[in-house]
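Q: File name work_23.tsv; file contents TSV, C-alpha atoms; full text below.
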chain	number	residue	atom	x	y	z
D	22	MET	CA	0.57	-4.95	-1.36
D	23	ALA	CA	-1.45	-7.99	-2.51
D	24	ALA	CA	1.77	-9.99	-3.01
D	25	GLY	CA	2.92	-9.00	0.47
D	26	LEU	CA	-0.39	-10.11	1.95
D	27	THR	CA	-0.20	-13.46	0.15
D	28	ILE	CA	3.31	-14.16	1.42
D	29	PHE	CA	2.32	-13.00	4.90
D	30	LEU	CA	-0.42	-15.64	4.96
D	31	GLY	CA	2.23	-18.25	4.18
D	32	GLU	CA	4.39	-16.73	6.92
D	33	ALA	CA	1.55	-17.11	9.43
D	34	VAL	CA	1.00	-20.74	8.42
D	35	LEU	CA	4.71	-21.48	8.80
D	36	SER	CA	4.61	-19.94	12.28
D	37	CYS	CA	1.94	-22.46	13.27
D	38	VAL	CA	3.98	-25.31	11.75
D	39	CYS	CA	7.05	-24.16	13.69
D	40	ALA	CA	5.00	-24.13	16.89
D	41	HIS	CA	3.95	-27.71	16.16
D	42	PHE	CA	7.61	-28.72	15.95
D	43	GLY	CA	8.77	-27.09	19.16
D	44	LEU	CA	8.91	-23.32	18.58
D	45	ALA	CA	8.85	-21.45	21.93
D	46	ALA	CA	9.62	-24.71	23.76
D	47	HIS	CA	12.79	-25.44	25.67
D	48	SER	CA	15.18	-27.91	24.08
D	49	SER	CA	14.85	-30.22	27.09
D	50	ALA	CA	11.15	-30.63	26.36
D	51	ILE	CA	11.45	-31.83	22.74
D	52	SER	CA	13.44	-34.52	20.97
D	53	GLU	CA	16.30	-33.74	18.61
D	54	PRO	CA	14.50	-34.92	15.44
D	55	THR	CA	11.58	-32.65	16.33
D	56	ALA	CA	13.99	-29.76	16.97
D	57	VAL	CA	15.60	-30.35	13.58
D	58	GLN	CA	12.22	-30.05	11.87
D	59	GLY	CA	11.44	-26.96	13.93
D	60	ARG	CA	14.69	-25.24	12.90
D	61	LYS	CA	14.08	-26.24	9.29
D	62	TYR	CA	10.65	-24.59	9.13
D	63	LEU	CA	12.04	-21.65	11.10
D	64	THR	CA	14.59	-21.08	8.33
D	65	ILE	CA	11.84	-21.18	5.70
D	66	TRP	CA	9.77	-18.79	7.85
D	67	THR	CA	12.66	-16.31	7.87
D	68	LEU	CA	12.69	-16.21	4.06
D	69	PHE	CA	8.93	-15.66	3.95
D	70	TYR	CA	9.11	-12.97	6.63
D	71	THR	CA	11.77	-10.86	4.93
D	72	ALA	CA	10.02	-11.19	1.54
D	73	ALA	CA	6.60	-10.16	2.91
D	74	LEU	CA	7.87	-7.25	5.02
D	75	ASN	CA	10.03	-5.73	2.31
D	76	LEU	CA	7.34	-6.13	-0.34
D	77	VAL	CA	4.99	-4.13	1.88
D	78	LYS	CA	7.61	-1.41	2.35
D	79	ALA	CA	8.38	-1.33	-1.38
D	80	SER	CA	4.67	-0.97	-2.11
D	81	ILE	CA	4.45	1.99	0.28
D	82	CYS	CA	7.47	3.58	-1.41
D	83	MET	CA	5.98	3.15	-4.89
D	84	THR	CA	2.73	4.73	-3.70
D	85	MET	CA	4.63	7.71	-2.32
D	86	LEU	CA	6.52	8.09	-5.61
D	87	ARG	CA	3.22	8.37	-7.49
D	88	LEU	CA	2.08	11.08	-5.07
D	89	THR	CA	5.26	13.17	-5.26
D	90	GLN	CA	5.68	13.78	-8.97
D	91	THR	CA	6.51	17.45	-8.35
D	92	MET	CA	8.21	17.10	-4.93
D	93	ARG	CA	11.83	16.57	-5.85
D	94	ASN	CA	13.29	16.49	-2.33
D	95	PHE	CA	10.74	13.94	-1.17
D	96	ARG	CA	11.47	11.74	-4.18
D	97	PHE	CA	15.17	11.61	-3.28
D	98	ALA	CA	14.26	10.54	0.26
D	99	ILE	CA	11.84	7.90	-1.05
D	100	PHE	CA	14.43	6.45	-3.43
D	101	ALA	CA	16.92	6.28	-0.54
D	102	LEU	CA	14.31	4.51	1.58
D	103	LEU	CA	13.58	2.07	-1.24
D	104	GLY	CA	17.29	1.38	-1.61
D	105	LEU	CA	17.65	0.62	2.11
D	106	THR	CA	14.66	-1.69	1.88
D	107	ILE	CA	16.26	-3.67	-0.95
D	108	ILE	CA	19.57	-3.86	0.92
D	109	SER	CA	17.80	-5.11	4.05
D	110	PHE	CA	16.00	-7.79	2.03
D	111	LEU	CA	19.17	-8.99	0.33
D	112	MET	CA	21.08	-9.01	3.60
D	113	VAL	CA	18.56	-11.26	5.36
D	114	PHE	CA	17.60	-13.45	2.39
D	115	VAL	CA	21.10	-14.06	1.03
D	116	GLY	CA	22.55	-14.33	4.55
D	117	THR	CA	20.03	-17.00	5.52
D	118	VAL	CA	20.61	-19.02	2.37
D	119	CYS	CA	24.40	-18.71	2.31
D	120	ILE	CA	25.33	-18.76	6.00
D	121	CYS	CA	25.83	-22.51	5.71
D	122	ASN	CA	26.87	-24.58	2.71
D	123	PRO	CA	24.77	-26.62	2.14
D	124	ILE	CA	21.80	-24.81	3.62
D	125	SER	CA	20.76	-27.88	5.63
D	126	GLY	CA	23.45	-26.94	8.13
D	127	ASN	CA	21.09	-24.25	9.40
D	128	TRP	CA	18.83	-26.80	11.04
D	129	ASP	CA	20.78	-30.06	11.36
D	130	ARG	CA	23.67	-29.57	13.76
D	131	SER	CA	24.91	-33.13	13.29
D	132	TYR	CA	26.14	-32.15	9.82
D	133	LEU	CA	28.33	-29.47	11.38
D	134	GLN	CA	29.73	-31.83	13.98
D	135	GLU	CA	30.55	-34.39	11.31
D	136	GLY	CA	32.18	-31.74	9.13
D	137	ARG	CA	29.72	-32.25	6.28
D	138	VAL	CA	28.82	-28.54	6.09
D	139	VAL	CA	30.72	-25.27	6.26
D	140	CYS	CA	29.06	-22.42	8.20
D	141	ALA	CA	30.08	-18.86	8.93
D	142	SER	CA	31.23	-17.95	12.41
D	143	ASP	CA	28.86	-16.84	15.13
D	144	ASN	CA	30.27	-13.31	14.98
D	145	ILE	CA	29.28	-13.00	11.31
D	146	ARG	CA	25.83	-14.37	12.08
D	147	MET	CA	25.33	-11.88	14.91
D	148	GLY	CA	26.71	-9.00	12.85
D	149	LEU	CA	24.27	-9.67	10.01
D	150	SER	CA	21.38	-9.93	12.46
D	151	TYR	CA	22.14	-6.62	14.17
D	152	ALA	CA	22.77	-4.81	10.86
D	153	ALA	CA	19.49	-6.10	9.43
D	154	THR	CA	17.67	-5.01	12.60
D	155	VAL	CA	19.06	-1.47	12.36
D	156	LEU	CA	18.04	-1.21	8.70
D	157	THR	CA	14.60	-2.56	9.54
D	158	ILE	CA	14.08	0.09	12.23
D	159	ILE	CA	15.22	2.87	9.87
D	160	THR	CA	12.93	1.73	7.05
D	161	ASP	CA	10.00	1.24	9.44
D	162	ILE	CA	10.34	4.80	10.72
D	163	GLY	CA	10.77	6.12	7.17
D	164	CYS	CA	7.64	4.37	5.91
D	165	ALA	CA	5.68	5.85	8.83
D	166	THR	CA	6.95	9.44	8.75
D	167	LEU	CA	7.42	10.23	5.06
D	168	PRO	CA	3.72	9.79	4.13
D	169	ALA	CA	2.75	12.10	7.00
D	170	LEU	CA	5.21	14.75	5.81
D	171	ILE	CA	3.89	14.48	2.26
D	172	VAL	CA	0.29	14.90	3.45
D	173	TRP	CA	1.31	17.91	5.56
D	174	LYS	CA	2.61	19.67	2.44
D	175	THR	CA	-0.74	19.34	0.65
D	176	GLN	CA	-3.49	21.98	0.62
D	177	LEU	CA	-5.90	20.07	2.82
D	178	GLU	CA	-7.68	21.50	5.83
D	179	LEU	CA	-5.80	21.33	9.12
D	180	LYS	CA	-8.25	18.88	10.70
D	181	THR	CA	-7.97	16.61	7.66
D	182	LYS	CA	-4.17	16.72	7.85
D	183	LEU	CA	-4.24	15.85	11.54
D	184	LEU	CA	-6.63	12.94	10.95
D	185	VAL	CA	-4.50	11.48	8.16
D	186	CYS	CA	-1.29	11.93	10.16
D	187	VAL	CA	-2.81	10.14	13.15
D	188	LEU	CA	-3.84	7.24	10.93
D	189	LEU	CA	-0.41	7.05	9.32
D	190	SER	CA	1.35	7.20	12.68
D	191	PHE	CA	-0.07	3.73	13.30
D	192	GLY	CA	2.75	2.43	11.10
D	193	SER	CA	5.33	3.65	13.63
D	194	PHE	CA	4.34	0.74	15.88
D	195	ALA	CA	6.12	-1.54	13.41
D	196	SER	CA	9.46	-0.05	14.45
D	197	VAL	CA	8.46	-0.55	18.09
D	198	CYS	CA	8.00	-4.28	17.38
D	199	THR	CA	11.48	-4.41	15.85
D	200	MET	CA	12.98	-2.73	18.91
D	201	VAL	CA	11.17	-5.14	21.24
D	202	ARG	CA	12.58	-8.19	19.50
D	203	ALA	CA	16.12	-6.76	19.19
D	204	PRO	CA	17.31	-8.03	22.63
D	205	TYR	CA	16.59	-11.61	21.56
D	206	ILE	CA	19.17	-11.49	18.77
D	207	LYS	CA	21.92	-12.52	21.17
D	208	TYR	CA	20.20	-15.89	21.56
D	209	TYR	CA	20.59	-16.77	17.85
D	210	VAL	CA	23.64	-18.90	18.73
D	211	SER	CA	22.06	-20.39	21.84
D	212	LYS	CA	21.45	-24.10	22.17
D	213	ASP	CA	17.91	-23.22	23.25
D	214	LEU	CA	17.30	-21.46	19.93
D	215	LEU	CA	13.69	-22.48	19.39
D	216	TYR	CA	12.58	-21.13	22.74
D	217	TRP	CA	13.99	-17.63	22.23
D	218	GLN	CA	13.01	-17.53	18.57
D	219	GLY	CA	9.39	-17.84	19.65
D	220	TYR	CA	9.50	-14.18	20.78
D	221	VAL	CA	11.18	-13.13	17.53
D	222	VAL	CA	8.54	-14.87	15.40
D	223	LEU	CA	5.70	-13.35	17.43
D	224	TRP	CA	6.90	-9.75	17.18
D	225	SER	CA	7.98	-10.15	13.57
D	226	ASN	CA	4.51	-11.32	12.55
D	227	ILE	CA	2.96	-8.37	14.39
D	228	GLU	CA	5.39	-6.03	12.61
D	229	THR	CA	4.42	-7.33	9.17
D	230	ALA	CA	0.70	-7.18	9.99
D	231	ILE	CA	1.04	-3.56	11.12
D	232	GLY	CA	2.88	-2.76	7.89
D	233	LEU	CA	0.05	-4.25	5.84
D	234	ILE	CA	-2.56	-2.24	7.74
D	235	ALA	CA	-0.53	0.98	7.53
D	236	GLY	CA	0.01	0.50	3.80
D	237	SER	CA	-3.72	0.00	3.30
D	238	ILE	CA	-4.79	3.02	5.37
D	239	PRO	CA	-5.42	5.27	2.29
D	240	VAL	CA	-8.01	2.78	1.01
D	241	LEU	CA	-9.44	2.12	4.46
D	242	GLN	CA	-9.71	5.86	5.12
D	243	LYS	CA	-11.82	6.32	1.98
D	244	LEU	CA	-14.11	3.47	2.97
D	245	ILE	CA	-14.56	4.73	6.54
D	246	MET	CA	-15.09	8.36	5.60
D	247	GLY	CA	-17.43	7.38	2.77
D	248	ARG	CA	-19.53	5.31	5.18
D	249	PHE	CA	-19.82	8.23	7.59
D	250	LYS	CA	-20.86	10.55	4.77
D	251	ARG	CA	-23.52	8.09	3.58
D	252	GLN	CA	-24.92	7.75	7.09
D	253	GLY	CA	-25.09	11.51	7.55
D	254	SER	CA	-26.82	12.18	4.24
D	255	HIS	CA	-30.50	11.77	3.40
D	256	ALA	CA	-31.45	9.99	0.22
D	257	THR	CA	-33.72	12.16	-1.92
D	258	PRO	CA	-34.74	11.56	-5.51
D	259	ILE	CA	-32.78	14.01	-7.63
D	260	ASP	CA	-31.65	14.30	-11.21
D	261	ILE	CA	-28.06	13.10	-11.43
D	262	ILE	CA	-25.84	15.68	-13.12
D	263	THR	CA	-22.15	14.88	-13.46
D	264	ILE	CA	-19.52	17.59	-13.50
D	265	GLY	CA	-19.07	18.78	-17.04
D	266	SER	CA	-22.57	17.85	-18.14
D	267	GLY	CA	-25.39	20.20	-18.89
D	268	PRO	CA	-28.76	20.48	-17.17
D	269	PRO	CA	-31.37	17.76	-17.71
D	270	LYS	CA	-32.88	17.99	-21.14
D	271	SER	CA	-36.60	18.45	-21.45
D	272	ARG	CA	-38.53	15.88	-23.36
D	273	ASN	CA	-40.70	18.59	-24.93
D	274	ASN	CA	-38.42	20.18	-27.50
D	275	ARG	CA	-40.12	22.90	-29.49
D	276	ASP	CA	-37.71	22.40	-32.39
D	277	ALA	CA	-38.45	18.68	-32.72
D	278	PHE	CA	-39.86	17.36	-35.97
D	279	LEU	CA	-43.46	16.63	-35.08
D	280	ASN	CA	-44.64	15.61	-38.56
D	281	PRO	CA	-43.57	12.07	-39.49
D	282	THR	CA	-43.13	13.19	-43.10
D	283	ASP	CA	-40.65	15.95	-42.16
D	284	THR	CA	-36.97	15.36	-42.73
D	285	GLY	CA	-34.05	17.59	-41.96
D	286	PHE	CA	-31.10	18.18	-39.69
D	287	SER	CA	-29.84	20.81	-37.24
D	288	VAL	CA	-26.58	22.71	-37.58
D	289	ALA	CA	-25.08	24.21	-34.41
D	290	SER	CA	-22.01	26.44	-34.23
D	291	VAL	CA	-20.47	26.65	-30.77
D	292	HIS	CA	-17.89	29.29	-29.81
D	293	ALA	CA	-16.11	29.28	-26.45
D	294	SER	CA	-14.57	32.51	-25.27
D	295	ARG	CA	-10.91	32.57	-24.25
D	296	ARG	CA	-11.82	33.74	-20.79
D	297	SER	CA	-14.05	30.71	-20.24
D	298	ARG	CA	-11.02	28.39	-20.39
D	299	GLU	CA	-9.70	29.70	-17.10
D	300	TRP	CA	-9.69	27.14	-14.27
D	301	GLU	CA	-10.59	27.87	-10.67
D	302	ARG	CA	-9.18	25.89	-7.74
D	303	LEU	CA	-11.85	24.33	-5.54
D	304	ASP	CA	-11.59	24.28	-1.77
D	305	ASP	CA	-11.99	21.17	0.39
D	306	SER	CA	-15.68	21.91	1.06
D	307	SER	CA	-16.55	21.73	-2.63
D	308	PRO	CA	-18.03	18.53	-4.10
D	309	GLN	CA	-15.48	16.00	-5.20
D	310	GLY	CA	-14.48	16.24	-8.82
D	311	ILE	CA	-12.93	18.66	-11.31
D	312	ARG	CA	-15.06	21.45	-12.68
D	313	ALA	CA	-14.45	23.87	-15.50
D	314	ASP	CA	-16.94	26.66	-16.29
D	315	TYR	CA	-17.33	27.50	-19.97
D	316	THR	CA	-19.36	30.22	-21.67
D	317	TYR	CA	-20.78	29.30	-25.07
D	318	GLU	CA	-22.44	31.26	-27.82
D	319	VAL	CA	-24.65	28.96	-29.87
D	320	GLU	CA	-26.00	29.70	-33.35
D	321	LEU	CA	-28.68	27.19	-34.28
D	322	SER	CA	-30.24	26.77	-37.73
D	323	ARG	CA	-32.40	24.02	-39.19
D	324	ILE	CA	-32.75	22.86	-42.74
D	325	GLN	CA	-36.05	21.10	-43.39
D	326	GLU	CA	-37.34	19.42	-46.48
D	327	SER	CA	-40.93	18.27	-47.00
D	328	GLU	CA	-41.55	15.11	-48.87
D	329	SER	CA	-43.56	16.39	-51.81
D	330	GLY	CA	-42.46	13.86	-54.36
D	331	ASP	CA	-45.89	12.17	-54.52
D	332	SER	CA	-47.81	15.45	-55.02
D	333	LYS	CA	-45.46	16.57	-57.85
D	334	ALA	CA	-45.82	13.21	-59.48
Rewrite the coordinates I just gave you, this time as structure tokens.

A:
Amino acid sequence: MAAGLTIFLGEAVLSCVCAHFGLAAHSSAISEPTAVQGRKYLTIWTLFYTAALNLVKASICMTMLRLTQTMRNFRFAIFALLGLTIISFLMVFVGTVCICNPISGNWDRSYLQEGRVVCASDNIRMGLSYAATVLTIITDIGCATLPALIVWKTQLELKTKLLVCVLLSFGSFASVCTMVRAPYIKYYVSKDLLYWQGYVVLWSNIETAIGLIAGSIPVLQKLIMGRFKRQGSHATPIDIITIGSGPPKSRNNRDAFLNPTDTGFSVASVHASRRSREWERLDDSSPQGIRADYTYEVELSRIQESESGDSKA
């Protein structure tokens, strides 16, 4: 997720650079050298966009795999989703790099007119664009719905499930962004490319940003819920006892060696009954943590020796 965020920042910067060189402007309003630079940075933006978006989706898939160690059917679906994500990335990345040979034919049309580059036909370009869009919509929906289904199978309270599902449904807006930009694909071969690509860049950046937020919702949910809990609680001085620890020990121990000349040591034998090793499942209202109740039988004996060497001497 951190790598996706880093690349997304570069994607946002490239969007601003593209706007400086004529993105979202009609071709009649900018010069050809400026348009060439705009198409060049637009090509670089495409590589950053597909890398950032698919890294975010892969991160979501890896998180779901860690949460479904015992859910075999869900793991198959997650692996399929991860495979589609990789295919979508390769389709866009390799297609963008290899659609023209050399790659400079993507932004400098004079090379094509002079026969200095070889580019694929417009039908191939449009076919790759539509196929990548379909895969993007499928993976967007999968990354939004699978986490909600996984949460619904857990043993949480109904209100907690509904809250988490509502938060996760925010990721479904990413697929909406992909659908909104889909009609602009037909303008990829237009002479007014930079103008129509302005809409594509806008919605694509929103899509990636939504993916980053949706992928970070588990962490954000903990921060938000923890803040509400802290505000609703009253701070009182108490003795901190962690789960698994015993009660606070008294400073006045009747078995302590009070005489500085006394030496010795304590021997304790601890026996835990078999029944005490049984675990009990906690409900959602219990304090957070894992608790195991043990019953011990302690036999304590002390061996003490007085220093009488000087008196014997």

Q: When you count all atoms listed in the file, which of these residues is closest to D:Leu233: D:Ala79, D:Ala169, D:Ile120, D:Leu105?

A: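 Answer, going by the shortest atom-to-atom distance: D:Ala79.
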
Q: Using Å and a single decimal, report how far atom CA of D:Ala56 sits from atom CA of D:Arg202.

A: 21.8 Å

Q: Write out as a list in words each polymer residue whose atoms come within 9 Å of D:Thr157, counting all atoms listed in the file; drop sequence neighbours fewer than 2 positions from it.

A: Leu105, Thr106, Ser109, Ala152, Ala153, Thr154, Val155, Ile159, Thr160, Asp161, Ile162, Ser196 and Thr199 of chain D

Q: Set the distance at 12 Å and use only C-alpha atoms: which residues neighbour D:Ser49 once local chain neighbours fewer than 5 positions away are removed? I'd like the list as a VMD selection string.

A: chain D and resid 43 55 to 56 212 to 216

Q: Write out the residues from the selection above, keeping C-alpha atoms, as an mmCIF file, in the coordinates of the input.

A:
data_model
loop_
_atom_site.group_PDB
_atom_site.id
_atom_site.type_symbol
_atom_site.label_atom_id
_atom_site.label_comp_id
_atom_site.auth_asym_id
_atom_site.auth_seq_id
_atom_site.Cartn_x
_atom_site.Cartn_y
_atom_site.Cartn_z
ATOM 1 C CA GLY D 43 8.770 -27.090 19.160
ATOM 2 C CA THR D 55 11.580 -32.650 16.330
ATOM 3 C CA ALA D 56 13.990 -29.760 16.970
ATOM 4 C CA LYS D 212 21.450 -24.100 22.170
ATOM 5 C CA ASP D 213 17.910 -23.220 23.250
ATOM 6 C CA LEU D 214 17.300 -21.460 19.930
ATOM 7 C CA LEU D 215 13.690 -22.480 19.390
ATOM 8 C CA TYR D 216 12.580 -21.130 22.740
#

Q: Any idea what the distance is between atom CA of D:Leu63 and atom CA of D:Met147?

A: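 Computing the Euclidean distance for atom CA of D:Leu63 and atom CA of D:Met147 yields 16.9 Å.
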
Q: So the first atom is atom CA of D:Leu133 and the second is atom CA of D:Leu68; what is the distance between them in Å, to one decimal place?

A: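 Result for atom CA of D:Leu133 versus atom CA of D:Leu68: 21.8 Å, one decimal.
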
Q: Can you list, as an mmCIF file with C-alpha atoms, keeping the file's coordinate frame, every protein, DNA or RNA residue that comes within 12 Å of stretch 30-40 of chain D when you count all atoms listed in the file, leaving out same-chain residues fewer than 4 positions away?

A:
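As a result, result.cif now contains:
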data_model
loop_
_atom_site.group_PDB
_atom_site.id
_atom_site.type_symbol
_atom_site.label_atom_id
_atom_site.label_comp_id
_atom_site.auth_asym_id
_atom_site.auth_seq_id
_atom_site.Cartn_x
_atom_site.Cartn_y
_atom_site.Cartn_z
ATOM 1 C CA ALA D 23 -1.450 -7.990 -2.510
ATOM 2 C CA ALA D 24 1.770 -9.990 -3.010
ATOM 3 C CA GLY D 25 2.920 -9.000 0.470
ATOM 4 C CA LEU D 26 -0.390 -10.110 1.950
ATOM 5 C CA LEU D 44 8.910 -23.320 18.580
ATOM 6 C CA ALA D 45 8.850 -21.450 21.930
ATOM 7 C CA ALA D 46 9.620 -24.710 23.760
ATOM 8 C CA HIS D 47 12.790 -25.440 25.670
ATOM 9 C CA ILE D 51 11.450 -31.830 22.740
ATOM 10 C CA THR D 55 11.580 -32.650 16.330
ATOM 11 C CA ALA D 56 13.990 -29.760 16.970
ATOM 12 C CA VAL D 57 15.600 -30.350 13.580
ATOM 13 C CA GLN D 58 12.220 -30.050 11.870
ATOM 14 C CA GLY D 59 11.440 -26.960 13.930
ATOM 15 C CA ARG D 60 14.690 -25.240 12.900
ATOM 16 C CA LYS D 61 14.080 -26.240 9.290
ATOM 17 C CA TYR D 62 10.650 -24.590 9.130
ATOM 18 C CA LEU D 63 12.040 -21.650 11.100
ATOM 19 C CA THR D 64 14.590 -21.080 8.330
ATOM 20 C CA ILE D 65 11.840 -21.180 5.700
ATOM 21 C CA TRP D 66 9.770 -18.790 7.850
ATOM 22 C CA THR D 67 12.660 -16.310 7.870
ATOM 23 C CA LEU D 68 12.690 -16.210 4.060
ATOM 24 C CA PHE D 69 8.930 -15.660 3.950
ATOM 25 C CA TYR D 70 9.110 -12.970 6.630
ATOM 26 C CA THR D 71 11.770 -10.860 4.930
ATOM 27 C CA ALA D 72 10.020 -11.190 1.540
ATOM 28 C CA ALA D 73 6.600 -10.160 2.910
ATOM 29 C CA LEU D 74 7.870 -7.250 5.020
ATOM 30 C CA LEU D 215 13.690 -22.480 19.390
ATOM 31 C CA TYR D 216 12.580 -21.130 22.740
ATOM 32 C CA GLN D 218 13.010 -17.530 18.570
ATOM 33 C CA GLY D 219 9.390 -17.840 19.650
ATOM 34 C CA TYR D 220 9.500 -14.180 20.780
ATOM 35 C CA VAL D 221 11.180 -13.130 17.530
ATOM 36 C CA VAL D 222 8.540 -14.870 15.400
ATOM 37 C CA LEU D 223 5.700 -13.350 17.430
ATOM 38 C CA TRP D 224 6.900 -9.750 17.180
ATOM 39 C CA SER D 225 7.980 -10.150 13.570
ATOM 40 C CA ASN D 226 4.510 -11.320 12.550
ATOM 41 C CA ILE D 227 2.960 -8.370 14.390
ATOM 42 C CA THR D 229 4.420 -7.330 9.170
ATOM 43 C CA ALA D 230 0.700 -7.180 9.990
ATOM 44 C CA LEU D 233 0.050 -4.250 5.840
#

Q: Env of D:Cys186: 10 Å cut, atoms = all atoms listed in the file, seq-sep filter 2 positions within chain, self excluded. Answer as a PyMOL selection string.

A: chain D and resi 165-166+168-173+180-184+188-191

Q: Compile the contact shell of stretch 140-143 of chain D as a list in words: residues with an atom at most 9 Å away, counting all atoms listed in the file, same-chain residues fewer than 5 positions apart removed.

A: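 Contacts, with the query itself left out: Cys119, Ile120, Cys121, Asn122, Pro123, Ile124, Gly126, Asn127, Leu133, Gly148, Tyr209 and Val210 of chain D.
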
Q: Return the single residue from D:Leu177, D:Ile158, D:Ser150, D:Ile231 that is closest to D:Tyr205, with distances computed using only C-alpha atoms.

A: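 Nearest candidate to D:Tyr205 out of D:Leu177, D:Ile158, D:Ser150, D:Ile231: D:Ser150.
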
Q: When distances are computed from all atoms listed in the file, which of D:Leu156, D:Ile28, D:Ala195, D:Ala50 shows the smallest separation from D:Leu111?

A: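 The closest residue to D:Leu111 is D:Leu156.
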
Q: For D:Phe194, which of D:Arg93, D:Thr117, D:Trp217, D:Glu228 is the closest residue, counting all atoms listed in the file?

A: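 Counting all atoms listed in the file, the residue closest to D:Phe194 is D:Glu228.
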